[in-house]
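Colleague: Shown below is the structure under consideration.
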Amino acid sequence: MQRDPDRLTERTFDVLIVGGGVYGLAIAYDAAQRGAAVALVERDDFGSGSSFNHLRTIHGGLRYLQHLDVARARESVLERRTLARIAPHAVAPMRFALPLYRSLTRGKLAMRAGLLVDRIVAAGRNHGVAPSLALPGGRVFSRHQAVEQFPGLRRRGLTGAAVWHDYVVPEADRLTLSWALAAASHGAVLANHLEAVAVARDGRRVAGVDAVDRFTGRKLQIAARTVVNATGGAIDRLLGPIGMAIRVPMLMAMNLVTTREAGDVALGGRSESGRNLFLVPWRRRALFGTWESSVPCQPDAVPTERDVAAFITELNEAFPSLDLKRTDVALVHRGVVPAVAASGRVSLEGRAQIRDHAGDGAEGLFSVAGAKYTTARAVAEEVVDRVMRALPGRWTPCRTASTPLPGGHVRDTALTIADARRDYDSLVPSDTIPHLVAAYGSGYREVMDAVRSQPAWCTRVASDSPVIGAELIWAARHEMAETLCDAVLRRTPLGSLGYPGDEAASRAADLLGAERGWSDDRKRQERATLKEFYDVVRE
């Protein structure tokens, strides 16, 4: 996958997607797999928006049953199962425990009923899933069991705990990138750091977009028969100039990556405001989420220190023994996500919104806005179904639910790790092997071949990270890592737990810069930009 903007101007595409989050990338992959000529442009980097800032879990929609939304719960179960089938290397089972207190709707009796319904709704949840990824049904623990097994739960008034299993994604940004790699493998032309600034029209039909290369300032005209606006929180930025803004309210969402060590169970809690919060063990650290703003925000909103402080206060209410402090926070995940307004209040919109703008006078223009990572593939299938109906031709049916993603040809993750240790354990640090398998799946050998050719690349980039130099080289050569942030934050997890330190950042810049031909000034600029990423919270 190489960045080549010239390829975007050489032909008229069947489908042009604007926006390279998980929704846009999944749409690009689906459309390309069906035989369409596909292009995708992203103003920043693939997966750099809300797709970067999620809780790193793939959940089966248990919470939807509280509102008797069986359809959404079933969809979540099926998509959770699909991800375990097509990317088995990328997910790992995780036990979740939610404390229960005396309540008609949230007590033990209600949760027993809810988990019973979940067993019915989740029928077939493990069909076709590797045995190591099979998820048992949920159950209710007694107070004694809850206190004994989950000491982090708030004990005052505790009557028990609801326990179930979902998946956590150790290499979440690699999973997002896999949709881009899959799209490219089917002929899609993708470019990051290239911004669509206007929709081009030919009468009532769209004709493509006008775009700008953010590296060079070069202007491009990309011709397409249909355009899909998948720009997330910025959905109206493209629509506003043509008078078709759909004005979906947006909320700012936050998750906190901390320096606190975590166990092997995700714990739920409830703050005094009634917000449900979770502590999720991720890469051996405690990740907390999700907090949403109480009022709508602008697409470019960033959290303030007051917002972070409010979040920490609520976490300490939900988990009284936590005593979390601002200094424990290594990285603030922040994203802008669609909301729904009702009765003067705004809340997170759980359903994706899909709009065909033909009725607005722009045939061939579609918009999609969604906030749920788990069901992105299913939403993409629905979007492409609609797009294909607007395009004459014979298209292959959707196969994304059954075709492994890049790296997904893994029979058993543990066996794959054992094979990799046998062949490569003498070359790299011991914790690098399981990381490589989780990140690249069955494609880990291609990265390791680079290690064989250059032994200097087999060492750690940072002393506390399993990432080795070969991964940065691979990202530059094959995965369109154009900036230091691209490589450190999204192609590898080198900076996913917080700033990796000046020494590691300098080494990463040297490795990437050697591939990209960066000057010393460019490397200093890249290091500074990386450091600024962690200081985005406003006073």
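Every chain in the structure tokens has a letter given in the order shown (A, B, ...), and although residue numbers restart at 1 in each chain, ligands are simply numbered from 1 in the order shown.
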Check the DSSP output for the backbone and give back, as a tab-separated table (two decimals) with all heavy atoms, in the first residue's frame, the residues of region 86-282 of chain A in helix (DSSP H, G or I).

Modeller:
chain	number	residue	atom	x	y	z
A	86	ILE	N	-12.91	-13.47	11.17
A	86	ILE	CA	-12.09	-12.92	10.08
A	86	ILE	C	-10.80	-12.29	10.59
A	86	ILE	O	-9.90	-12.02	9.79
A	86	ILE	CB	-12.88	-11.89	9.25
A	86	ILE	CG1	-13.25	-10.65	10.08
A	86	ILE	CG2	-14.14	-12.54	8.66
A	86	ILE	CD1	-13.95	-9.56	9.28
A	88	PRO	N	-9.02	-13.48	13.85
A	88	PRO	CA	-8.88	-14.17	15.15
A	88	PRO	C	-7.64	-13.76	15.93
A	88	PRO	O	-7.62	-13.86	17.16
A	88	PRO	CB	-8.82	-15.65	14.75
A	88	PRO	CG	-8.36	-15.65	13.32
A	88	PRO	CD	-8.97	-14.42	12.72
A	89	HIS	N	-6.62	-13.30	15.23
A	89	HIS	CA	-5.40	-12.87	15.91
A	89	HIS	C	-5.58	-11.55	16.65
A	89	HIS	O	-4.78	-11.22	17.54
A	89	HIS	CB	-4.29	-12.68	14.88
A	89	HIS	CG	-4.59	-11.61	13.88
A	89	HIS	ND1	-5.57	-11.76	12.91
A	89	HIS	CD2	-4.07	-10.36	13.69
A	89	HIS	CE1	-5.63	-10.66	12.17
A	89	HIS	NE2	-4.74	-9.80	12.61
A	90	ALA	N	-6.62	-10.79	16.28
A	90	ALA	CA	-6.75	-9.41	16.76
A	90	ALA	C	-7.59	-9.27	18.01
A	90	ALA	O	-7.60	-8.20	18.63
A	90	ALA	CB	-7.35	-8.54	15.65
A	108	LYS	N	-30.16	-7.92	41.02
A	108	LYS	CA	-29.81	-9.29	40.65
A	108	LYS	C	-30.92	-9.95	39.83
A	108	LYS	O	-30.65	-10.64	38.84
A	108	LYS	CB	-29.50	-10.11	41.90
A	108	LYS	CG	-28.21	-9.67	42.59
A	108	LYS	CD	-28.07	-10.30	43.97
A	108	LYS	CE	-27.81	-11.79	43.88
A	108	LYS	NZ	-27.51	-12.38	45.22
A	109	LEU	N	-32.18	-9.75	40.24
A	109	LEU	CA	-33.28	-10.39	39.53
A	109	LEU	C	-33.36	-9.89	38.09
A	109	LEU	O	-33.51	-10.67	37.14
A	109	LEU	CB	-34.59	-10.13	40.26
A	109	LEU	CG	-35.83	-10.82	39.67
A	109	LEU	CD1	-35.65	-12.34	39.71
A	109	LEU	CD2	-37.09	-10.41	40.44
A	110	ALA	N	-33.22	-8.56	37.92
A	110	ALA	CA	-33.28	-7.98	36.59
A	110	ALA	C	-32.13	-8.47	35.72
A	110	ALA	O	-32.31	-8.78	34.53
A	110	ALA	CB	-33.28	-6.46	36.67
A	111	MET	N	-30.94	-8.58	36.31
A	111	MET	CA	-29.79	-9.01	35.52
A	111	MET	C	-29.86	-10.50	35.18
A	111	MET	O	-29.43	-10.92	34.10
A	111	MET	CB	-28.49	-8.70	36.26
A	111	MET	CG	-28.11	-7.22	36.25
A	111	MET	SD	-28.06	-6.48	34.57
A	111	MET	CE	-26.86	-7.52	33.76
A	112	ARG	N	-30.41	-11.30	36.09
A	112	ARG	CA	-30.59	-12.71	35.76
A	112	ARG	C	-31.51	-12.85	34.55
A	112	ARG	O	-31.26	-13.65	33.63
A	112	ARG	CB	-31.17	-13.47	36.96
A	112	ARG	CG	-30.15	-13.81	38.03
A	112	ARG	CD	-30.67	-14.88	38.97
A	112	ARG	NE	-29.68	-15.20	39.99
A	112	ARG	CZ	-29.70	-14.69	41.22
A	112	ARG	NH1	-30.68	-13.86	41.58
A	112	ARG	NH2	-28.76	-15.02	42.08
A	113	ALA	N	-32.59	-12.06	34.56
A	113	ALA	CA	-33.52	-12.09	33.43
A	113	ALA	C	-32.83	-11.61	32.17
A	113	ALA	O	-32.98	-12.20	31.09
A	113	ALA	CB	-34.75	-11.23	33.74
A	114	GLY	N	-32.04	-10.52	32.29
A	114	GLY	CA	-31.34	-9.98	31.13
A	114	GLY	C	-30.33	-10.96	30.55
A	114	GLY	O	-30.23	-11.12	29.33
A	115	LEU	N	-29.60	-11.66	31.43
A	115	LEU	CA	-28.60	-12.62	30.95
A	115	LEU	C	-29.27	-13.86	30.35
A	115	LEU	O	-28.70	-14.48	29.44
A	115	LEU	CB	-27.67	-13.00	32.10
A	115	LEU	CG	-26.72	-11.89	32.56
A	115	LEU	CD1	-25.96	-12.30	33.81
A	115	LEU	CD2	-25.75	-11.50	31.46
A	116	LEU	N	-30.44	-14.20	30.84
A	116	LEU	CA	-31.19	-15.30	30.24
A	116	LEU	C	-31.62	-14.94	28.82
A	116	LEU	O	-31.46	-15.73	27.88
A	116	LEU	CB	-32.41	-15.64	31.09
A	116	LEU	CG	-33.33	-16.75	30.53
A	116	LEU	CD1	-32.56	-18.05	30.38
A	116	LEU	CD2	-34.55	-16.93	31.43
A	117	VAL	N	-32.13	-13.72	28.66
A	117	VAL	CA	-32.50	-13.25	27.32
A	117	VAL	C	-31.26	-13.19	26.43
A	117	VAL	O	-31.32	-13.54	25.24
A	117	VAL	CB	-33.19	-11.88	27.40
A	117	VAL	CG1	-33.44	-11.32	26.00
A	117	VAL	CG2	-34.50	-11.98	28.17
A	118	ASP	N	-30.15	-12.76	27.01
A	118	ASP	CA	-28.91	-12.67	26.23
A	118	ASP	C	-28.49	-14.04	25.70
A	118	ASP	O	-28.00	-14.15	24.57
A	118	ASP	CB	-27.80	-12.07	27.08
A	118	ASP	CG	-26.48	-11.94	26.33
A	118	ASP	OD1	-26.46	-11.21	25.33
A	118	ASP	OD2	-25.50	-12.59	26.73
A	119	ARG	N	-28.67	-15.08	26.49
A	119	ARG	CA	-28.31	-16.42	26.02
A	119	ARG	C	-29.14	-16.80	24.79
A	119	ARG	O	-28.66	-17.49	23.89
A	119	ARG	CB	-28.52	-17.44	27.14
A	119	ARG	CG	-27.44	-17.41	28.21
A	119	ARG	CD	-27.72	-18.44	29.30
A	119	ARG	NE	-26.69	-18.43	30.31
A	119	ARG	CZ	-25.62	-19.22	30.33
A	119	ARG	NH1	-25.46	-20.09	29.34
A	119	ARG	NH2	-24.73	-19.16	31.30
A	120	ILE	N	-30.40	-16.35	24.78
A	120	ILE	CA	-31.27	-16.64	23.64
A	120	ILE	C	-30.86	-15.79	22.43
A	120	ILE	O	-30.70	-16.29	21.31
A	120	ILE	CB	-32.74	-16.40	24.00
A	120	ILE	CG1	-33.16	-17.33	25.15
A	120	ILE	CG2	-33.64	-16.59	22.80
A	120	ILE	CD1	-34.51	-17.01	25.74
A	121	VAL	N	-30.69	-14.49	22.68
A	121	VAL	CA	-30.32	-13.56	21.60
A	121	VAL	C	-28.96	-13.93	21.01
A	121	VAL	O	-28.73	-13.80	19.81
A	121	VAL	CB	-30.32	-12.11	22.12
A	121	VAL	CG1	-29.74	-11.16	21.08
A	121	VAL	CG2	-31.72	-11.68	22.51
A	131	PRO	N	-11.85	-22.36	19.17
A	131	PRO	CA	-12.14	-22.72	20.56
A	131	PRO	C	-11.53	-21.77	21.58
A	131	PRO	O	-12.15	-21.49	22.61
A	131	PRO	CB	-11.56	-24.14	20.69
A	131	PRO	CG	-11.62	-24.68	19.30
A	131	PRO	CD	-11.35	-23.51	18.40
A	132	SER	N	-10.35	-21.26	21.29
A	132	SER	CA	-9.70	-20.36	22.24
A	132	SER	C	-10.41	-19.01	22.35
A	132	SER	O	-10.17	-18.26	23.30
A	132	SER	CB	-8.24	-20.14	21.84
A	132	SER	OG	-8.17	-19.55	20.55
A	133	LEU	N	-11.29	-18.71	21.39
A	133	LEU	CA	-12.00	-17.44	21.41
A	133	LEU	C	-13.48	-17.61	21.78
A	133	LEU	O	-14.22	-16.63	21.77
A	133	LEU	CB	-11.91	-16.76	20.04
A	133	LEU	CG	-10.51	-16.38	19.56
A	133	LEU	CD1	-10.57	-15.74	18.17
A	133	LEU	CD2	-9.83	-15.44	20.54
A	143	ARG	N	-23.00	-11.80	46.41
A	143	ARG	CA	-22.17	-10.73	46.99
A	143	ARG	C	-20.82	-11.28	47.44
A	143	ARG	O	-19.77	-10.67	47.19
A	143	ARG	CB	-22.88	-10.07	48.17
A	143	ARG	CG	-22.13	-8.87	48.72
A	143	ARG	CD	-22.78	-8.27	49.95
A	143	ARG	NE	-22.20	-6.97	50.29
A	143	ARG	CZ	-21.04	-6.80	50.91
A	143	ARG	NH1	-20.31	-7.86	51.26
A	143	ARG	NH2	-20.58	-5.58	51.17
A	144	HIS	N	-20.83	-12.43	48.09
A	144	HIS	CA	-19.57	-13.02	48.58
A	144	HIS	C	-18.63	-13.32	47.42
A	144	HIS	O	-17.44	-13.00	47.47
A	144	HIS	CB	-19.87	-14.30	49.37
A	144	HIS	CG	-18.64	-15.04	49.79
A	144	HIS	ND1	-17.82	-14.60	50.81
A	144	HIS	CD2	-18.05	-16.19	49.29
A	144	HIS	CE1	-16.80	-15.43	50.94
A	144	HIS	NE2	-16.92	-16.41	50.04
A	145	GLN	N	-19.17	-13.91	46.36
A	145	GLN	CA	-18.33	-14.21	45.18
A	145	GLN	C	-17.80	-12.94	44.55
A	145	GLN	O	-16.63	-12.88	44.13
A	145	GLN	CB	-19.15	-14.99	44.16
A	145	GLN	CG	-19.49	-16.41	44.54
A	145	GLN	CD	-20.42	-17.04	43.52
A	145	GLN	OE1	-21.47	-16.47	43.19
A	145	GLN	NE2	-20.06	-18.22	43.02
A	146	ALA	N	-18.65	-11.91	44.48
A	146	ALA	CA	-18.23	-10.66	43.85
A	146	ALA	C	-17.11	-10.00	44.64
A	146	ALA	O	-16.12	-9.52	44.07
A	146	ALA	CB	-19.43	-9.72	43.73
A	147	VAL	N	-17.26	-9.95	45.96
A	147	VAL	CA	-16.24	-9.32	46.80
A	147	VAL	C	-14.93	-10.10	46.72
A	147	VAL	O	-13.83	-9.51	46.66
A	147	VAL	CB	-16.73	-9.23	48.26
A	147	VAL	CG1	-15.58	-8.83	49.18
A	147	VAL	CG2	-17.88	-8.23	48.37
A	148	GLU	N	-15.03	-11.41	46.69
A	148	GLU	CA	-13.84	-12.25	46.68
A	148	GLU	C	-13.08	-12.17	45.36
A	148	GLU	O	-11.85	-12.08	45.34
A	148	GLU	CB	-14.25	-13.70	46.96
A	148	GLU	CG	-13.09	-14.66	47.08
A	148	GLU	CD	-13.55	-16.07	47.39
A	148	GLU	OE1	-14.26	-16.65	46.55
A	148	GLU	OE2	-13.22	-16.57	48.48
A	149	GLN	N	-13.82	-12.15	44.24
A	149	GLN	CA	-13.16	-12.20	42.94
A	149	GLN	C	-12.90	-10.83	42.32
A	149	GLN	O	-12.00	-10.69	41.49
A	149	GLN	CB	-14.00	-13.05	41.96
A	149	GLN	CG	-14.09	-14.51	42.36
A	149	GLN	CD	-14.50	-15.39	41.21
A	149	GLN	OE1	-14.13	-15.16	40.05
A	149	GLN	NE2	-15.27	-16.43	41.49
A	172	ALA	N	-5.47	-2.53	18.66
A	172	ALA	CA	-6.69	-1.97	18.08
A	172	ALA	C	-6.44	-1.21	16.79
A	172	ALA	O	-7.21	-1.30	15.83
A	172	ALA	CB	-7.37	-1.06	19.10
A	173	ASP	N	-5.37	-0.45	16.74
A	173	ASP	CA	-5.11	0.38	15.55
A	173	ASP	C	-4.64	-0.46	14.37
A	173	ASP	O	-4.87	-0.09	13.22
A	173	ASP	CB	-4.11	1.47	15.90
A	173	ASP	CG	-4.62	2.34	17.03
A	173	ASP	OD1	-5.66	2.99	16.85
A	173	ASP	OD2	-4.02	2.33	18.12
A	174	ARG	N	-4.04	-1.60	14.65
A	174	ARG	CA	-3.70	-2.53	13.57
A	174	ARG	C	-4.97	-3.14	12.98
A	174	ARG	O	-5.04	-3.37	11.77
A	174	ARG	CB	-2.79	-3.65	14.09
A	174	ARG	CG	-1.42	-3.22	14.57
A	174	ARG	CD	-0.53	-2.72	13.49
A	174	ARG	NE	-0.54	-3.56	12.30
A	174	ARG	CZ	0.18	-3.31	11.22
A	174	ARG	NH1	0.94	-2.23	11.17
A	174	ARG	NH2	0.13	-4.11	10.17
A	175	LEU	N	-5.97	-3.40	13.83
A	175	LEU	CA	-7.23	-3.93	13.31
A	175	LEU	C	-7.89	-2.91	12.38
A	175	LEU	O	-8.37	-3.26	11.30
A	175	LEU	CB	-8.17	-4.30	14.46
A	175	LEU	CG	-9.56	-4.81	14.05
A	175	LEU	CD1	-9.45	-6.05	13.17
A	175	LEU	CD2	-10.40	-5.12	15.30
A	176	THR	N	-7.89	-1.64	12.78
A	176	THR	CA	-8.44	-0.60	11.92
A	176	THR	C	-7.69	-0.54	10.59
A	176	THR	O	-8.29	-0.48	9.52
A	176	THR	CB	-8.38	0.77	12.61
A	176	THR	OG1	-9.13	0.72	13.84
A	176	THR	CG2	-8.93	1.86	11.73
A	177	LEU	N	-6.37	-0.59	10.67
A	177	LEU	CA	-5.56	-0.52	9.46
A	177	LEU	C	-5.81	-1.71	8.54
A	177	LEU	O	-5.69	-1.58	7.31
A	177	LEU	CB	-4.07	-0.44	9.82
A	177	LEU	CG	-3.11	-0.31	8.63
A	177	LEU	CD1	-3.25	1.07	7.99
A	177	LEU	CD2	-1.67	-0.56	9.07
A	178	SER	N	-6.18	-2.84	9.11
A	178	SER	CA	-6.36	-4.04	8.28
A	178	SER	C	-7.46	-3.83	7.25
A	178	SER	O	-7.41	-4.43	6.16
A	178	SER	CB	-6.66	-5.26	9.16
A	178	SER	OG	-7.92	-5.13	9.80
A	179	TRP	N	-8.46	-2.99	7.54
A	179	TRP	CA	-9.50	-2.70	6.55
A	179	TRP	C	-8.90	-1.92	5.37
A	179	TRP	O	-9.29	-2.13	4.22
A	179	TRP	CB	-10.64	-1.91	7.18
A	179	TRP	CG	-11.36	-2.64	8.27
A	179	TRP	CD1	-11.19	-2.48	9.61
A	179	TRP	CD2	-12.35	-3.67	8.12
A	179	TRP	NE1	-12.01	-3.34	10.30
A	179	TRP	CE2	-12.73	-4.08	9.42
A	179	TRP	CE3	-12.94	-4.28	7.01
A	179	TRP	CZ2	-13.68	-5.06	9.63
A	179	TRP	CZ3	-13.90	-5.26	7.23
A	179	TRP	CH2	-14.25	-5.65	8.52
A	180	ALA	N	-7.96	-1.04	5.67
A	180	ALA	CA	-7.28	-0.30	4.59
A	180	ALA	C	-6.44	-1.25	3.74
A	180	ALA	O	-6.46	-1.19	2.50
A	180	ALA	CB	-6.41	0.80	5.18
A	181	LEU	N	-5.69	-2.13	4.40
A	181	LEU	CA	-4.85	-3.08	3.67
A	181	LEU	C	-5.72	-4.01	2.82
A	181	LEU	O	-5.35	-4.34	1.69
A	181	LEU	CB	-4.02	-3.90	4.66
A	181	LEU	CG	-3.00	-3.10	5.50
A	181	LEU	CD1	-2.40	-3.99	6.57
A	181	LEU	CD2	-1.92	-2.50	4.62
A	182	ALA	N	-6.88	-4.41	3.36
A	182	ALA	CA	-7.77	-5.28	2.61
A	182	ALA	C	-8.32	-4.56	1.38
A	182	ALA	O	-8.41	-5.14	0.29
A	182	ALA	CB	-8.92	-5.74	3.51
A	183	ALA	N	-8.70	-3.29	1.56
A	183	ALA	CA	-9.22	-2.51	0.43
A	183	ALA	C	-8.15	-2.39	-0.66
A	183	ALA	O	-8.42	-2.58	-1.85
A	183	ALA	CB	-9.68	-1.14	0.90
A	184	ALA	N	-6.93	-2.06	-0.24
A	184	ALA	CA	-5.84	-1.90	-1.21
A	184	ALA	C	-5.54	-3.22	-1.94
A	184	ALA	O	-5.24	-3.22	-3.13
A	184	ALA	CB	-4.59	-1.39	-0.50
A	185	SER	N	-5.66	-4.33	-1.22
A	185	SER	CA	-5.39	-5.63	-1.85
A	185	SER	C	-6.41	-5.97	-2.93
A	185	SER	O	-6.14	-6.82	-3.78
A	185	SER	CB	-5.36	-6.73	-0.79
A	185	SER	OG	-6.67	-7.01	-0.30
A	232	GLY	N	-17.21	11.22	9.77
A	232	GLY	CA	-17.42	11.20	11.21
A	232	GLY	C	-17.96	12.51	11.74
A	232	GLY	O	-18.94	13.06	11.25
A	233	GLY	N	-17.27	13.02	12.76
A	233	GLY	CA	-17.71	14.26	13.40
A	233	GLY	C	-17.72	15.45	12.46
A	233	GLY	O	-18.42	16.44	12.73
A	234	ALA	N	-16.98	15.38	11.37
A	234	ALA	CA	-16.90	16.48	10.41
A	234	ALA	C	-17.84	16.26	9.23
A	234	ALA	O	-17.60	16.81	8.15
A	234	ALA	CB	-15.46	16.65	9.93
A	235	ILE	N	-18.90	15.51	9.43
A	235	ILE	CA	-19.75	15.11	8.31
A	235	ILE	C	-20.33	16.30	7.55
A	235	ILE	O	-20.49	16.26	6.33
A	235	ILE	CB	-20.89	14.18	8.81
A	235	ILE	CG1	-21.60	13.53	7.63
A	235	ILE	CG2	-21.85	14.91	9.74
A	235	ILE	CD1	-22.53	12.40	8.04
A	236	ASP	N	-20.61	17.41	8.25
A	236	ASP	CA	-21.21	18.57	7.57
A	236	ASP	C	-20.18	19.47	6.91
A	236	ASP	O	-20.55	20.39	6.17
A	236	ASP	CB	-22.05	19.39	8.56
A	236	ASP	CG	-23.41	18.75	8.81
A	236	ASP	OD1	-23.82	17.89	8.01
A	236	ASP	OD2	-24.06	19.10	9.82
A	237	ARG	N	-18.90	19.23	7.18
A	237	ARG	CA	-17.87	20.07	6.57
A	237	ARG	C	-17.89	19.95	5.05
A	237	ARG	O	-17.69	20.93	4.33
A	237	ARG	CB	-16.49	19.68	7.11
A	237	ARG	CG	-15.34	20.54	6.59
A	237	ARG	CD	-14.02	20.09	7.18
A	237	ARG	NE	-13.96	20.37	8.60
A	237	ARG	CZ	-13.35	19.58	9.49
A	237	ARG	NH1	-12.79	18.46	9.09
A	237	ARG	NH2	-13.32	19.90	10.77
A	238	LEU	N	-18.19	18.77	4.55
A	238	LEU	CA	-18.24	18.55	3.11
A	238	LEU	C	-19.61	18.92	2.54
A	238	LEU	O	-19.72	19.35	1.40
A	238	LEU	CB	-17.93	17.08	2.81
A	238	LEU	CG	-17.51	16.71	1.38
A	238	LEU	CD1	-16.18	17.38	1.03
A	238	LEU	CD2	-17.39	15.20	1.24
A	239	LEU	N	-20.64	18.77	3.37
A	239	LEU	CA	-22.01	19.01	2.89
A	239	LEU	C	-22.42	20.48	2.94
A	239	LEU	O	-23.23	20.94	2.13
A	239	LEU	CB	-23.00	18.18	3.71
A	239	LEU	CG	-22.82	16.66	3.68
A	239	LEU	CD1	-23.80	16.02	4.65
A	239	LEU	CD2	-23.01	16.12	2.28
A	240	GLY	N	-21.90	21.20	3.90
A	240	GLY	CA	-22.31	22.60	4.10
A	240	GLY	C	-22.20	23.47	2.87
A	240	GLY	O	-23.15	24.17	2.51
A	241	PRO	N	-21.05	23.43	2.17
A	241	PRO	CA	-20.90	24.31	0.99
A	241	PRO	C	-21.91	24.04	-0.12
A	241	PRO	O	-22.14	24.91	-0.96
A	241	PRO	CB	-19.47	24.01	0.53
A	241	PRO	CG	-18.76	23.55	1.75
A	241	PRO	CD	-19.78	22.78	2.52
A	242	ILE	N	-22.53	22.86	-0.16
A	242	ILE	CA	-23.53	22.58	-1.20
A	242	ILE	C	-24.94	22.61	-0.61
A	242	ILE	O	-25.89	22.14	-1.24
A	242	ILE	CB	-23.26	21.24	-1.91
A	242	ILE	CG1	-23.25	20.07	-0.91
A	242	ILE	CG2	-21.96	21.30	-2.68
A	242	ILE	CD1	-23.13	18.71	-1.58

Colleague: Please identify all polymer residues within 10 Å of Arg326 (chain A), counting only C-alpha atoms, omitting same-chain residues fewer than 3 positions from it, and present them as a JSON list (two decimals) with N, CA and C atoms, in the first residue's frame.

Modeller:
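result_17.json was written with the following content:
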[["chain", "number", "residue", "atom", "x", "y", "z"],
["A", 258, "THR", "N", -4.06, 5.13, 31.40],
["A", 258, "THR", "CA", -3.35, 5.50, 32.63],
["A", 258, "THR", "C", -2.08, 4.67, 32.80],
["A", 305, "GLU", "N", -9.02, 20.79, 30.65],
["A", 305, "GLU", "CA", -8.59, 20.21, 31.92],
["A", 305, "GLU", "C", -9.78, 20.04, 32.87],
["A", 308, "VAL", "N", -11.40, 16.75, 31.93],
["A", 308, "VAL", "CA", -10.62, 15.61, 32.42],
["A", 308, "VAL", "C", -10.79, 15.46, 33.92],
["A", 309, "ALA", "N", -10.78, 16.58, 34.63],
["A", 309, "ALA", "CA", -10.96, 16.54, 36.09],
["A", 309, "ALA", "C", -12.34, 15.99, 36.46],
["A", 312, "ILE", "N", -12.26, 12.24, 35.97],
["A", 312, "ILE", "CA", -11.53, 11.57, 37.06],
["A", 312, "ILE", "C", -12.38, 11.53, 38.32],
["A", 329, "VAL", "N", -2.67, 9.85, 34.43],
["A", 329, "VAL", "CA", -3.19, 9.81, 33.07],
["A", 329, "VAL", "C", -2.05, 10.02, 32.07],
["A", 330, "ALA", "N", -1.82, 9.01, 31.22],
["A", 330, "ALA", "CA", -0.73, 9.08, 30.25],
["A", 330, "ALA", "C", -1.19, 9.58, 28.90]]

Colleague: Under the rule that only C-alpha atoms are counted, which of A:Val302, A:Leu415, A:Val265, A:Val197 is the nearest residue to Phe150 (chain A)?

Modeller: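 Smallest separation from Phe150 (chain A) among the options: A:Val265.
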
Colleague: List the neighbours of region 26-39 of chain A out to 8 Å using only C-alpha atoms; skip same-chain residues closer than 2 positions along the sequence, and give me the result as number ranges by chain.

Modeller: A: 8, 13-17, 22-24, 41, 179-180, 182-184, 186-190, 376-377, 380-381, 383-384, 395-400

Colleague: How many Å separate CA of Gln353 (chain A) from CA of Ser271 (chain A)?

Modeller: 29.6 Å

Colleague: Report, in Å to a single decimal, how far apart CA of Glu42 (chain A) and CA of Ala196 (chain A) are.

Modeller: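 Atom-to-atom, CA of Ala196 (chain A) and CA of Glu42 (chain A) are spaced 7.8 Å apart.
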
Colleague: Mind giving me the straight-line distance from CA of Ala414 (chain A) to CA of Ala87 (chain A) in Å, one decimal?

Modeller: 14.3 Å

Colleague: Using only C-alpha atoms for the distances, tell me which of A:Leu62, A:Leu104, A:Ala223, A:Val206 is nearest to Arg7 (chain A).

Modeller: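 Using only C-alpha atoms, Arg7 (chain A) sits closest to A:Ala223.
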
Colleague: Fewer than 4 positions away in the same chain doesn't count, so skip those; otherwise give me all residues within 10 Å of Asp520 (chain A), counting only C-alpha atoms, as a VMD selection string.

Modeller: chain A and resid 509 to 510 513 524 to 526

Colleague: Take the residues just selected and output them with N, CA and C atoms as a PDB file, in the first residue's frame.

Modeller:
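This went into selection-v8.pdb:
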ATOM      1  N   ALA A 509      12.281   8.428  14.805  1.00  0.00           N
ATOM      2  CA  ALA A 509      12.407   9.430  13.747  1.00  0.00           C
ATOM      3  C   ALA A 509      13.598   9.126  12.846  1.00  0.00           C
ATOM      4  N   ASP A 510      14.679   8.627  13.426  1.00  0.00           N
ATOM      5  CA  ASP A 510      15.850   8.279  12.618  1.00  0.00           C
ATOM      6  C   ASP A 510      15.527   7.108  11.675  1.00  0.00           C
ATOM      7  N   GLY A 513      12.920   8.374   9.186  1.00  0.00           N
ATOM      8  CA  GLY A 513      13.538   9.409   8.359  1.00  0.00           C
ATOM      9  C   GLY A 513      14.495   8.856   7.335  1.00  0.00           C
ATOM     10  N   ARG A 524      13.292  16.866  13.530  1.00  0.00           N
ATOM     11  CA  ARG A 524      12.980  17.647  14.738  1.00  0.00           C
ATOM     12  C   ARG A 524      11.512  18.071  14.742  1.00  0.00           C
ATOM     13  N   GLN A 525      11.010  18.463  13.580  1.00  0.00           N
ATOM     14  CA  GLN A 525       9.606  18.856  13.461  1.00  0.00           C
ATOM     15  C   GLN A 525       8.683  17.673  13.755  1.00  0.00           C
ATOM     16  N   GLU A 526       9.019  16.514  13.240  1.00  0.00           N
ATOM     17  CA  GLU A 526       8.192  15.320  13.475  1.00  0.00           C
ATOM     18  C   GLU A 526       8.179  14.954  14.957  1.00  0.00           C
TER      19      GLU A 526
END

Colleague: List every residue of region 19-196 of chain A that DSSP, applied to the backbone, labels as strand (DSSP E or B), and write the result as a PyMOL selection string.

Modeller: chain A and resi 38-41+57-58+92-101+139-142+158-168+189-191+194-196

Colleague: Would you kindly return, as a PyMOL selection string, each protein, DNA or RNA residue with an atom no farther than 10 Å from any atom of Asp464 (chain A), considering only C-alpha atoms and excluding same-chain residues fewer than 2 positions away?

Modeller: chain A and resi 460-462+466-467+494+500+504

Colleague: Excluding region 70-74 of chain A and its own-chain neighbours fewer than 4 positions away, which residues fall within 10 Å of it when counting only C-alpha atoms? Please give them as a list in words.

Modeller: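 Listing them by chain and then by number gives His59, Gly60, Gly61, Leu62, Arg63, Tyr64, Leu65, Gln66, Leu78, Glu79, Arg80, Val117, Asp118, Ile120, Val121, Ala122, Ala123, Arg125, Gly350, Arg351 and Thr375 of chain A.
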